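Student: Got data-v4.txt for you, compact mmCIF, C-alpha atoms:
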```txt
# COMPACT_ATOMS: atom_id res chain seq x y z
CA MET A 60 61.33 157.57 121.37
CA SER A 61 59.44 160.11 119.37
CA ASP A 62 61.47 162.93 120.81
CA HIS A 63 65.00 162.31 121.87
CA ASP A 64 65.20 165.84 123.19
CA HIS A 65 62.92 165.03 126.07
CA ASN A 66 64.13 165.51 129.59
CA HIS A 67 66.05 168.37 128.16
CA ASN A 68 66.26 170.39 131.33
CA GLY A 69 66.60 167.57 133.77
CA ASP A 70 69.68 165.78 134.91
CA GLY A 71 69.99 164.15 131.57
CA VAL A 72 68.30 161.13 130.15
CA SER A 73 68.58 158.29 132.58
CA ARG A 74 69.85 155.01 131.23
CA ARG A 75 66.56 153.43 132.09
CA LYS A 76 64.71 156.11 130.20
CA VAL A 77 66.93 155.67 127.22
CA LEU A 78 66.33 151.97 127.24
CA GLU A 79 62.61 152.58 127.41
CA CYS A 80 63.02 154.87 124.49
CA MET A 81 64.59 152.20 122.42
CA THR A 82 62.15 151.04 119.85
CA TRP A 83 64.26 148.90 117.64
CA ALA A 84 66.74 146.12 117.84
CA GLY A 85 69.47 147.34 115.63
CA THR A 86 73.05 146.79 114.94
CA GLY A 87 74.76 150.02 114.18
CA VAL A 88 74.86 153.47 115.56
CA LEU A 89 73.01 156.02 113.55
CA TRP A 90 74.39 159.47 114.05
CA THR A 91 72.76 162.63 112.94
CA ILE A 92 74.33 166.02 112.76
CA SER A 93 71.80 168.77 113.24
CA GLY A 94 73.18 172.26 113.23
CA GLY A 95 76.66 170.84 113.37
CA VAL A 96 75.92 168.84 116.50
CA PRO A 97 76.17 165.07 116.45
CA HIS A 98 73.33 163.16 118.05
CA SER A 99 72.84 159.48 117.99
CA LEU A 100 69.49 158.19 116.88
CA GLY A 101 70.20 154.58 117.67
CA LEU A 102 68.91 153.39 114.31
CA VAL A 103 65.39 153.99 115.43
CA GLY A 104 62.32 154.09 113.33
CA SER A 105 60.74 156.64 111.14
CA ALA A 106 59.54 158.98 113.88
CA GLN A 107 63.05 159.62 115.03
CA ALA A 108 64.69 159.38 111.68
CA ALA A 109 62.38 162.08 110.45
CA GLU A 110 64.11 164.46 112.84
CA ALA A 111 67.46 163.82 111.29
CA LYS A 112 68.44 166.97 109.55
CA GLY A 113 71.68 167.20 107.77
CA LEU A 114 74.06 164.33 108.20
CA THR A 115 73.43 160.85 109.47
CA PHE A 116 76.03 158.14 109.59
CA LEU A 117 76.52 154.69 110.97
CA GLN A 118 79.24 152.92 112.92
CA ILE A 119 79.98 149.21 112.74
CA SER A 120 83.05 147.50 114.11
CA ASP A 121 84.97 144.29 114.61
CA SER A 122 83.29 142.07 112.04
CA HIS A 123 86.14 139.52 112.31
CA VAL A 124 85.12 137.83 109.09
CA GLY A 125 86.68 134.37 109.15
CA PHE A 126 86.20 133.85 112.89
CA ASP A 127 84.53 130.48 113.42
CA LYS A 128 85.35 129.51 116.98
CA ALA A 129 82.97 128.57 119.79
CA ALA A 130 82.10 132.15 120.72
CA ASN A 131 80.42 132.52 117.31
CA PRO A 132 80.90 129.84 114.66
CA ASN A 133 79.40 132.11 112.01
CA ALA A 134 80.74 135.65 112.29
CA LEU A 135 79.97 136.25 108.62
CA GLY A 136 76.36 135.39 109.32
CA THR A 137 75.98 137.88 112.14
CA LEU A 138 77.63 140.56 110.00
CA GLU A 139 75.06 139.79 107.33
CA GLU A 140 72.29 140.15 109.91
CA ALA A 141 73.68 143.52 110.91
CA ILE A 142 73.85 144.70 107.32
CA GLY A 143 70.33 143.40 106.77
CA LYS A 144 69.09 145.69 109.52
CA ILE A 145 70.95 148.61 108.03
CA LYS A 146 69.42 147.92 104.63
CA ALA A 147 65.99 147.93 106.22
CA MET A 148 66.40 151.36 107.75
CA PRO A 149 63.66 153.73 106.72
CA VAL A 150 66.06 156.60 106.21
CA LYS A 151 69.31 155.88 104.49
CA PRO A 152 72.35 157.18 106.38
CA SER A 153 74.86 159.28 104.44
CA PHE A 154 77.68 156.83 105.01
CA MET A 155 79.14 154.27 107.36
CA ILE A 156 82.39 154.08 109.30
CA HIS A 157 84.00 150.76 110.12
CA THR A 158 86.34 150.93 113.09
CA GLY A 159 88.51 147.98 112.19
CA ASP A 160 89.03 144.24 112.49
CA ILE A 161 87.09 143.77 109.31
CA THR A 162 88.71 140.34 109.03
CA HIS A 163 90.01 137.86 111.57
CA LEU A 164 93.23 136.79 109.83
CA SER A 165 93.71 139.26 106.95
CA LYS A 166 93.05 136.59 104.36
CA ALA A 167 92.05 137.71 100.88
CA SER A 168 88.95 135.54 101.07
CA GLU A 169 87.96 137.20 104.35
CA PHE A 170 88.35 140.68 102.90
CA ASP A 171 86.35 139.56 99.87
CA ASP A 172 83.57 138.10 102.01
CA ALA A 173 83.42 141.23 104.15
CA GLU A 174 83.21 143.44 101.08
CA ARG A 175 80.51 141.28 99.54
CA ILE A 176 78.32 141.58 102.65
CA ILE A 177 79.05 145.16 103.70
CA SER A 178 78.57 146.52 100.19
CA GLN A 179 74.99 145.27 100.32
CA ALA A 180 74.24 148.22 102.57
CA ARG A 181 74.88 150.42 99.52
CA LEU A 182 76.63 153.04 101.59
CA ASP A 183 80.02 154.64 101.34
CA VAL A 184 82.18 153.07 104.01
CA HIS A 185 85.11 154.84 105.64
CA TYR A 186 87.42 152.20 107.04
CA ILE A 187 90.30 152.24 109.44
CA PRO A 188 92.25 149.05 110.18
CA GLY A 189 92.34 146.91 113.27
CA GLU A 190 95.33 144.75 114.15
CA HIS A 191 93.58 141.76 112.58
CA ASP A 192 93.57 143.54 109.21
CA PHE A 193 97.35 143.86 109.11
CA ILE A 194 98.54 140.28 109.63
CA ASP A 195 98.95 139.05 106.07
CA GLU A 196 102.55 138.30 105.21
CA GLU A 197 103.15 141.45 103.19
CA ILE A 198 100.59 143.64 104.99
CA LYS A 199 99.13 144.73 101.70
CA LEU A 200 95.58 143.38 101.42
CA TYR A 201 93.96 146.07 103.57
CA ARG A 202 95.94 148.83 101.89
CA GLU A 203 95.11 147.59 98.41
CA ARG A 204 91.45 147.73 99.23
CA TYR A 205 91.08 150.66 101.59
CA GLY A 206 94.37 152.54 101.61
CA ARG A 207 93.81 154.71 98.56
CA GLY A 208 94.14 158.39 99.34
CA THR A 209 95.29 157.76 102.89
CA LYS A 210 98.50 158.79 104.58
CA GLY A 211 101.11 156.63 106.30
CA SER A 212 99.63 153.32 107.43
CA GLY A 213 96.13 154.44 106.48
CA TRP A 214 95.08 157.60 108.32
CA TYR A 215 93.03 160.37 106.70
CA SER A 216 90.41 163.01 107.32
CA PHE A 217 87.39 164.34 105.51
CA ASP A 218 84.58 166.78 106.04
CA ALA A 219 80.90 166.09 105.86
CA ASN A 220 78.16 168.60 106.56
CA GLY A 221 80.41 170.84 108.59
CA VAL A 222 81.79 168.04 110.73
CA HIS A 223 85.46 167.13 110.51
CA PHE A 224 86.10 163.37 110.55
CA ILE A 225 89.53 161.96 111.36
CA GLY A 226 90.37 158.30 110.90
CA LEU A 227 93.47 157.28 112.86
CA VAL A 228 95.54 154.08 112.83
CA ASN A 229 96.79 152.88 116.20
CA VAL A 230 97.55 149.23 115.44
CA VAL A 231 100.96 149.60 113.79
CA ASP A 232 104.42 149.46 115.30
CA MET A 233 103.17 148.73 118.79
CA LYS A 234 105.99 148.42 121.30
CA ALA A 235 106.67 145.45 123.58
CA GLY A 236 104.88 145.90 126.86
CA GLY A 237 102.90 148.81 125.46
CA LEU A 238 99.47 149.66 124.13
CA GLY A 239 98.06 150.93 120.85
CA ASN A 240 100.35 153.29 119.02
CA LEU A 241 99.82 156.34 116.82
CA GLY A 242 103.44 157.34 116.39
CA ALA A 243 105.22 160.63 115.80
CA GLU A 244 104.50 160.83 112.08
CA GLN A 245 100.76 160.45 112.52
CA LEU A 246 100.65 162.90 115.42
CA ALA A 247 102.51 165.48 113.33
CA TRP A 248 100.01 164.94 110.53
CA LEU A 249 97.14 165.33 113.00
CA ALA A 250 98.53 168.60 114.35
CA ASP A 251 98.76 169.89 110.81
CA ASP A 252 95.30 168.62 109.92
CA LEU A 253 93.75 170.50 112.84
CA LYS A 254 95.73 173.68 112.31
CA GLY A 255 93.62 176.68 111.43
CA ARG A 256 90.29 174.96 112.01
CA SER A 257 87.55 176.79 113.83
CA SER A 258 87.24 175.56 117.40
CA SER A 259 83.49 175.46 116.90
CA GLN A 260 83.74 172.80 114.21
CA PRO A 261 82.64 169.45 115.63
CA ILE A 262 85.36 166.81 115.47
CA VAL A 263 84.71 163.09 115.15
CA VAL A 264 87.78 160.91 115.62
CA PHE A 265 87.65 157.23 114.91
CA ALA A 266 90.32 154.58 115.51
CA HIS A 267 90.32 150.89 116.28
CA ILE A 268 91.85 150.60 119.76
CA PRO A 269 90.37 152.99 122.33
CA LEU A 270 92.36 156.23 122.46
CA TRP A 271 91.76 156.39 126.19
CA SER A 272 92.93 153.95 128.84
CA VAL A 273 90.06 151.53 129.21
CA TYR A 274 92.07 148.70 130.76
CA PRO A 275 95.82 148.75 130.11
CA THR A 276 96.27 145.35 131.78
CA TRP A 277 94.58 143.90 128.70
CA GLY A 278 96.19 146.37 126.34
CA TRP A 279 92.98 148.38 126.00
CA GLY A 280 94.33 151.83 125.44
CA THR A 281 96.67 153.84 123.24
CA GLU A 282 100.16 154.70 124.42
CA ASP A 283 100.20 158.17 122.87
CA GLY A 284 96.43 158.69 122.71
CA ALA A 285 96.65 161.55 125.19
CA ARG A 286 98.93 163.41 122.81
CA ALA A 287 96.32 163.21 120.08
CA LEU A 288 93.65 164.43 122.49
CA ASP A 289 95.86 167.32 123.58
CA LEU A 290 95.79 168.55 120.02
CA MET A 291 91.99 168.76 120.19
CA LYS A 292 91.77 170.52 123.50
CA GLY A 293 90.62 173.79 121.99
CA PHE A 294 87.66 172.28 120.19
CA GLY A 295 84.21 172.54 121.70
CA SER A 296 82.91 169.17 120.55
CA VAL A 297 85.09 166.10 120.15
CA THR A 298 83.63 162.62 119.75
CA VAL A 299 85.99 159.63 119.83
CA LEU A 300 84.59 156.42 118.35
CA ASN A 301 86.49 153.18 118.84
CA GLY A 302 86.05 149.42 118.63
CA HIS A 303 88.46 146.62 119.61
CA ILE A 304 86.99 145.72 122.98
CA HIS A 305 83.71 144.28 121.66
CA GLN A 306 81.53 145.96 124.22
CA VAL A 307 80.09 149.32 125.08
CA MET A 308 82.19 151.68 127.12
CA GLN A 309 81.90 155.37 127.38
CA LYS A 310 83.38 158.27 129.18
CA VAL A 311 83.02 162.01 129.05
CA GLU A 312 85.98 164.16 129.88
CA GLY A 313 85.54 167.87 129.39
CA ASN A 314 84.85 168.51 125.73
CA VAL A 315 85.49 164.90 124.72
CA THR A 316 83.03 162.04 124.54
CA PHE A 317 84.61 158.60 124.25
CA HIS A 318 82.60 155.68 123.01
CA THR A 319 83.38 152.10 122.04
CA ALA A 320 81.04 150.10 119.84
CA ARG A 321 80.10 146.47 119.98
CA SER A 322 81.36 143.87 117.58
CA THR A 323 79.18 142.09 115.06
CA ALA A 324 81.19 138.89 115.62
CA PHE A 325 81.68 137.95 119.26
CA PRO A 326 81.59 139.54 122.70
CA GLN A 327 84.58 140.03 124.96
CA PRO A 328 84.49 140.08 128.76
CA ALA A 329 84.28 143.21 130.83
CA PRO A 330 87.70 144.36 132.06
CA GLY A 331 89.15 142.02 134.65
CA THR A 332 86.18 139.67 134.76
CA ALA A 333 87.94 136.82 132.96
CA PRO A 334 91.48 135.43 132.80
CA SER A 335 91.97 137.12 129.43
CA PRO A 336 90.21 139.38 126.93
CA GLY A 337 89.62 136.46 124.55
CA PRO A 338 86.31 135.76 122.83
CA MET A 339 83.56 135.17 125.37
CA LYS A 340 81.36 132.13 124.87
CA VAL A 341 77.80 132.74 125.96
CA ALA A 342 74.60 130.77 125.56
CA ASP A 343 73.46 130.66 121.94
CA ASP A 344 70.29 132.56 122.68
CA LYS A 345 72.26 135.31 124.36
CA LEU A 346 74.87 135.90 121.67
CA ARG A 347 72.90 138.39 119.60
CA THR A 348 72.07 140.47 122.63
CA LEU A 349 75.82 141.14 122.96
CA LEU A 350 76.49 141.90 119.30
CA GLY A 351 75.69 145.11 117.50
CA THR A 352 76.77 148.50 118.73
CA ALA A 353 75.77 151.23 121.07
CA SER A 354 75.36 154.92 120.71
CA ILE A 355 75.85 158.24 122.41
CA ILE A 356 73.47 161.15 122.47
CA PHE A 357 74.97 164.49 123.24
CA LYS A 358 74.66 168.20 122.63
CA PRO A 359 77.33 170.82 123.11
CA GLY A 360 77.10 172.90 126.22
CA GLU A 361 75.23 170.20 128.04
CA GLU A 362 76.47 167.43 130.24
CA ARG A 363 73.61 165.29 129.09
CA LEU A 364 74.80 161.99 127.76
CA ALA A 365 73.19 158.63 127.27
CA ILE A 366 74.12 155.15 126.19
CA ILE A 367 71.74 153.40 123.87
CA ASP A 368 72.23 149.71 123.35
CA THR A 369 71.47 148.57 119.87
CA PRO A 370 72.04 144.83 119.85
CA LEU A 371 71.25 142.47 117.01
CA GLN A 372 68.50 141.06 119.16
CA GLY A 373 66.69 141.85 122.37
CA MET B 6 138.21 127.50 108.69
CA ARG B 7 137.89 125.83 112.04
CA PHE B 8 139.37 122.60 110.79
CA VAL B 9 142.59 124.43 109.99
CA ASN B 10 142.75 125.50 113.62
CA PHE B 11 142.03 122.00 114.82
CA ARG B 12 144.90 120.63 112.85
CA THR B 13 147.37 123.26 113.98
CA ALA B 14 146.65 123.25 117.70
CA GLY B 15 145.99 120.11 119.62
CA ILE B 16 144.68 121.94 122.64
CA ARG B 17 142.32 123.97 120.55
CA LEU B 18 141.14 120.77 118.97
CA ALA B 19 140.41 119.24 122.32
CA VAL B 20 138.49 122.32 123.41
CA ALA B 21 136.65 122.47 120.13
CA VAL B 22 135.66 118.81 120.38
CA ALA B 23 134.43 119.37 123.89
CA MET B 24 132.41 122.37 122.75
CA ALA B 25 131.09 120.59 119.72
CA SER B 26 129.90 117.66 121.77
CA GLN B 27 128.18 120.03 124.13
CA ILE B 28 126.48 121.75 121.23
CA ALA B 29 125.52 118.41 119.80
CA VAL B 30 123.78 117.51 123.05
CA ALA B 31 122.17 120.93 123.24
CA HIS B 32 120.91 120.57 119.70
CA CYS B 33 118.73 117.72 120.79
CA GLU B 34 116.91 119.85 123.30
CA GLU B 35 113.46 120.99 122.50
CA VAL B 36 111.38 123.08 124.82
CA SER B 37 107.70 123.85 124.54
CA ALA B 38 105.94 127.04 125.48
CA THR B 39 102.27 127.85 125.23
CA ILE B 40 100.25 130.90 124.43
CA ASP B 41 97.13 130.73 126.49
CA ASN B 42 94.82 133.41 127.80
CA PHE B 43 96.93 136.13 126.20
CA THR B 44 99.95 134.95 128.16
CA PHE B 45 103.25 133.34 127.22
CA GLU B 46 103.76 130.37 129.51
CA PRO B 47 106.28 130.15 131.00
CA ALA B 48 106.92 133.85 130.81
CA GLN B 49 110.63 133.27 131.28
CA LEU B 50 112.62 130.28 130.11
CA THR B 51 116.31 129.47 130.56
CA VAL B 52 117.74 127.20 127.88
CA LYS B 53 121.10 126.12 126.53
CA VAL B 54 122.56 127.24 123.24
CA GLY B 55 121.13 125.16 120.44
CA THR B 56 117.77 124.66 122.06
CA THR B 57 114.69 124.89 119.91
CA VAL B 58 111.73 126.55 121.55
CA THR B 59 108.28 125.90 120.12
CA TRP B 60 105.34 128.11 120.97
CA LYS B 61 101.83 126.82 120.42
CA ASN B 62 98.87 129.15 120.39
CA SER B 63 95.94 127.75 122.34
CA ASP B 64 93.84 130.93 122.20
CA ASP B 65 90.91 131.58 119.90
CA ILE B 66 92.68 134.75 118.82
CA PRO B 67 95.83 134.93 116.67
CA HIS B 68 99.09 135.93 118.28
CA THR B 69 102.66 136.48 117.15
CA VAL B 70 106.03 135.78 118.75
CA VAL B 71 108.40 138.62 117.99
CA SER B 72 111.85 139.52 119.31
CA ALA B 73 112.98 142.75 117.69
CA GLY B 74 115.73 142.06 115.20
CA LYS B 75 116.00 138.41 116.29
CA PHE B 76 112.97 136.44 115.27
CA ARG B 77 109.41 137.03 114.15
CA SER B 78 106.66 134.50 113.66
CA LYS B 79 103.77 135.01 111.32
CA ALA B 80 100.37 135.36 112.93
CA LEU B 81 99.59 132.07 114.66
CA ASP B 82 95.98 131.04 114.48
CA THR B 83 94.51 128.64 117.03
CA ASP B 84 96.74 125.55 117.44
CA ASP B 85 99.42 126.95 115.12
CA SER B 86 103.02 126.65 116.31
CA TYR B 87 106.22 128.53 115.77
CA SER B 88 109.74 127.27 116.48
CA PHE B 89 113.03 129.08 116.80
CA THR B 90 116.46 127.61 117.49
CA PHE B 91 118.68 129.72 119.69
CA THR B 92 122.26 129.53 118.42
CA SER B 93 123.83 132.19 120.59
CA THR B 94 123.68 133.16 124.21
CA GLY B 95 121.84 136.17 125.50
CA ASP B 96 118.55 137.45 126.79
CA TYR B 97 115.84 137.38 124.17
CA LYS B 98 112.91 139.54 125.15
CA TYR B 99 109.91 138.93 122.98
CA PHE B 100 106.29 140.00 122.70
CA CYS B 101 103.11 139.59 120.68
CA SER B 102 103.06 142.35 118.08
CA LEU B 103 99.25 142.21 117.99
CA HIS B 104 98.82 142.37 121.76
CA PRO B 105 101.99 144.08 122.93
CA HIS B 106 101.15 143.76 126.61
CA MET B 107 102.01 140.07 126.14
CA VAL B 108 105.72 139.73 126.85
CA GLY B 109 108.16 136.94 127.55
CA MET B 110 111.87 136.22 127.75
CA ILE B 111 114.20 133.41 126.75
CA LYS B 112 117.56 133.35 128.53
CA VAL B 113 120.05 131.41 126.46
CA GLU B 114 123.13 130.21 128.33
```
Take the structure I supplied and represent it as structure tokens, if you would.

Tutor:
Amino acid sequence: MSDHDHNHNGDGVSRRKVLECMTWAGTGVLWTISGGVPHSLGLVGSAQAAEAKGLTFLQISDSHVGFDKAANPNALGTLEEAIGKIKAMPVKPSFMIHTGDITHLSKASEFDDAERIISQARLDVHYIPGEHDFIDEEIKLYRERYGRGTKGSGWYSFDANGVHFIGLVNVVDMKAGGLGNLGAEQLAWLADDLKGRSSSQPIVVFAHIPLWSVYPTWGWGTEDGARALDLMKGFGSVTVLNGHIHQVMQKVEGNVTFHTARSTAFPQPAPGTAPSPGPMKVADDKLRTLLGTASIIFKPGEERLAIIDTPLQG
Amino acid sequence: MRFVNFRTAGIRLAVAVAMASQIAVAHCEEVSATIDNFTFEPAQLTVKVGTTVTWKNSDDIPHTVVSAGKFRSKALDTDDSYSFTFTSTGDYKYFCSLHPHMVGMIKVE
């Protein structure tokens, strides 16, 4: 994939073409912002990385450190493999985002193990919590480690190379029978955070549970996600990066690209294909083909969009 | 306090004894529920006052059993259990605070 701009004037890069273009078996999503426009490079090799001007960053998700059940008895090991691939990248990304479920049970030892492995990438990591990171008795371990400088239950924003990044928390105070929840306080903060920004500034929003309704029957969506998206309607480029569902999903709706990343721990079934969304046990030699993440390539003003699978293996 | 009433009103005493014996019987009741495939099973249970309900999580994912303002388990890992004894009548709706689409109800009579 020496030129990810190919097929520029066609109907967009076909999935098959994108897969052909894949030259590496990676684990994260490498994003590059050129001229304020996010592209994904899919953690490819030097030819592609050389094109990365400006900002590049990485997304990992759902490490579930501490998980040791049949679907993957060694989730820490596969996280380590993922970080190993990141360390081996020819061009160092600017930073990494982690879209939650760092740990499986919010144990101090799990947070410590995760930190020990993830820090080996030697990148700044911007975290947001998953529901598995908030289940210690006092709900303090995540906040002690990653809550500094954040608002409310852990939301925040920052700018990097002209792109505005917003980390949201939608795993707190969920209501019976409902989905993920942002809540009034966070939405008010978001409205304020976006106020006065140029509509041409690219927005990247990341949160654990998908902000869009992927499959409400399994709780895969956010009750008030649409209200957050309403606040971004005026912006020309909005990219929503989520985890939680341990598989690639994407959707484009107007100015908004939605994308969910893979887990580094265990796969979950496609919506409705199993009795429940629980961890999916697959053959040992297939596991690593379902771990890792996936990426989106897009440019403003174009409908062109592609999914690039970047599994740990295969 | 009650004993004062028992002594002062024979009828009340008789009623109270009857109630107490009923409660005593109810106290012995234990009912099991499971959490399996992100579902509380059975989703609705009818029990008598004094019954202890025990939920056991059979999933590979932690769950909680939470009834707002009434009871709240910690996160239950695989094969962990949580018990709650229902001492008053009413409808107790509950859910998993981690996976809120999981809901159940205990009717206590």

Student: Excluding stretch 211-214 of chain A and its own-chain neighbours fewer than 2 positions away, which residues fall within 6 Å of it when counting all atoms listed in the file? Please give them as a VMD selection string.

Tutor: chain A and resid 206 209 226 to 228

Student: Can you work out which residues from chain A touch chain B at a cut-off of 8 Å (counting only C-alpha atoms) and hand them back as a list in words?

Tutor: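 Interface list for chain A against chain B: Lys128, Leu164, Glu190, His191, Ile194, Asp195, Glu196, Val230, Asp232, Met233, Lys234, Ala235, Gly236, Gly237, Leu238, Thr276, Trp277, Gly278, Pro334, Ser335, Pro336, Gly337 and Pro338 of chain A.
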
Student: Taking 3 positions as the minimum chain separation for residues in the same chain, which residues sit within 12 Å of A:Ala285 when counting all atoms listed in the file? Answer as a PyMOL selection string.

Tutor: chain A and resi 239-242+246+269-272+280-282+288-292+312+315

Student: Any idea what's packed within 9 Å of A:Ser165, counting all atoms listed in the file, ignoring anything in its chain fewer than 5 positions away? Could you give it as a list in words?

Tutor: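 Here the answer would be Val124, Gly125, Asp160, Phe170, His191, Asp192, Phe193, Ile194, Asp195, Ile198, Leu200 and Tyr201 of chain A.
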
Student: Calculate how many Å separate atom CA of A:Pro330 from atom CA of A:Gln309, rounding to one decimal.

Tutor: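 Going from atom CA of A:Pro330 over to atom CA of A:Gln309 covers 13.3 Å.
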
Student: Quick one, how far is atom CA of A:Lys254 from atom CA of A:Asn229?

Tutor: 21.2 Å

Student: To one decimal place, how far is atom CA of B:Val113 from atom CA of B:Ser86 in Å?

Tutor: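 Rounded to one decimal, the two atoms are 20.4 Å apart.
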
Student: Within 6 Å of stretch 46-50 of chain B, counting only C-alpha atoms, which residues qualify if same-chain residues fewer than 4 places away don't, as an NGL selection string?

Tutor: :B and (38-39 or 109-111)

Student: Which protein, DNA or RNA residues have an atom at most 6 Å from (86.4, 149.4, 123.8), counting all atoms listed in the file? List them as a VMD selection string.

Tutor: chain A and resid 269 302 to 304 306 308 319

Student: So that I can see what lies close to B:Thr94, please list as a ChimeraX atom specification the residues with an atom at most 10 Å from it, counting only C-alpha atoms and leaving out residues fewer than 4 positions away in the same chain.

Tutor: /B:52-55,111-114

Student: Would you mind exporting C-alpha atoms of the selected residues as an mmCIF file, keeping the file's coordinate frame?

Tutor:
```
data_model
loop_
_atom_site.group_PDB
_atom_site.id
_atom_site.type_symbol
_atom_site.label_atom_id
_atom_site.label_comp_id
_atom_site.auth_asym_id
_atom_site.auth_seq_id
_atom_site.Cartn_x
_atom_site.Cartn_y
_atom_site.Cartn_z
ATOM 1 C CA VAL B 52 117.740 127.200 127.880
ATOM 2 C CA LYS B 53 121.100 126.120 126.530
ATOM 3 C CA VAL B 54 122.560 127.240 123.240
ATOM 4 C CA GLY B 55 121.130 125.160 120.440
ATOM 5 C CA ILE B 111 114.200 133.410 126.750
ATOM 6 C CA LYS B 112 117.560 133.350 128.530
ATOM 7 C CA VAL B 113 120.050 131.410 126.460
ATOM 8 C CA GLU B 114 123.130 130.210 128.330
#
```

Student: Pull the neighbourhood of (82.6, 153.8, 108.8) for me: all residues within 8 Å in file coordinates, counting only C-alpha atoms, as a VMD selection string.

Tutor: chain A and resid 116 to 119 154 to 158 183 to 187

Student: Given all atoms listed in the file as the basis, pick out the residue of A:Thr348, A:Thr115, A:Ser257, A:Asn301 nearest to A:Ala324.

Tutor: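 Residue with the minimum atom-to-atom distance to A:Ala324: A:Thr348.
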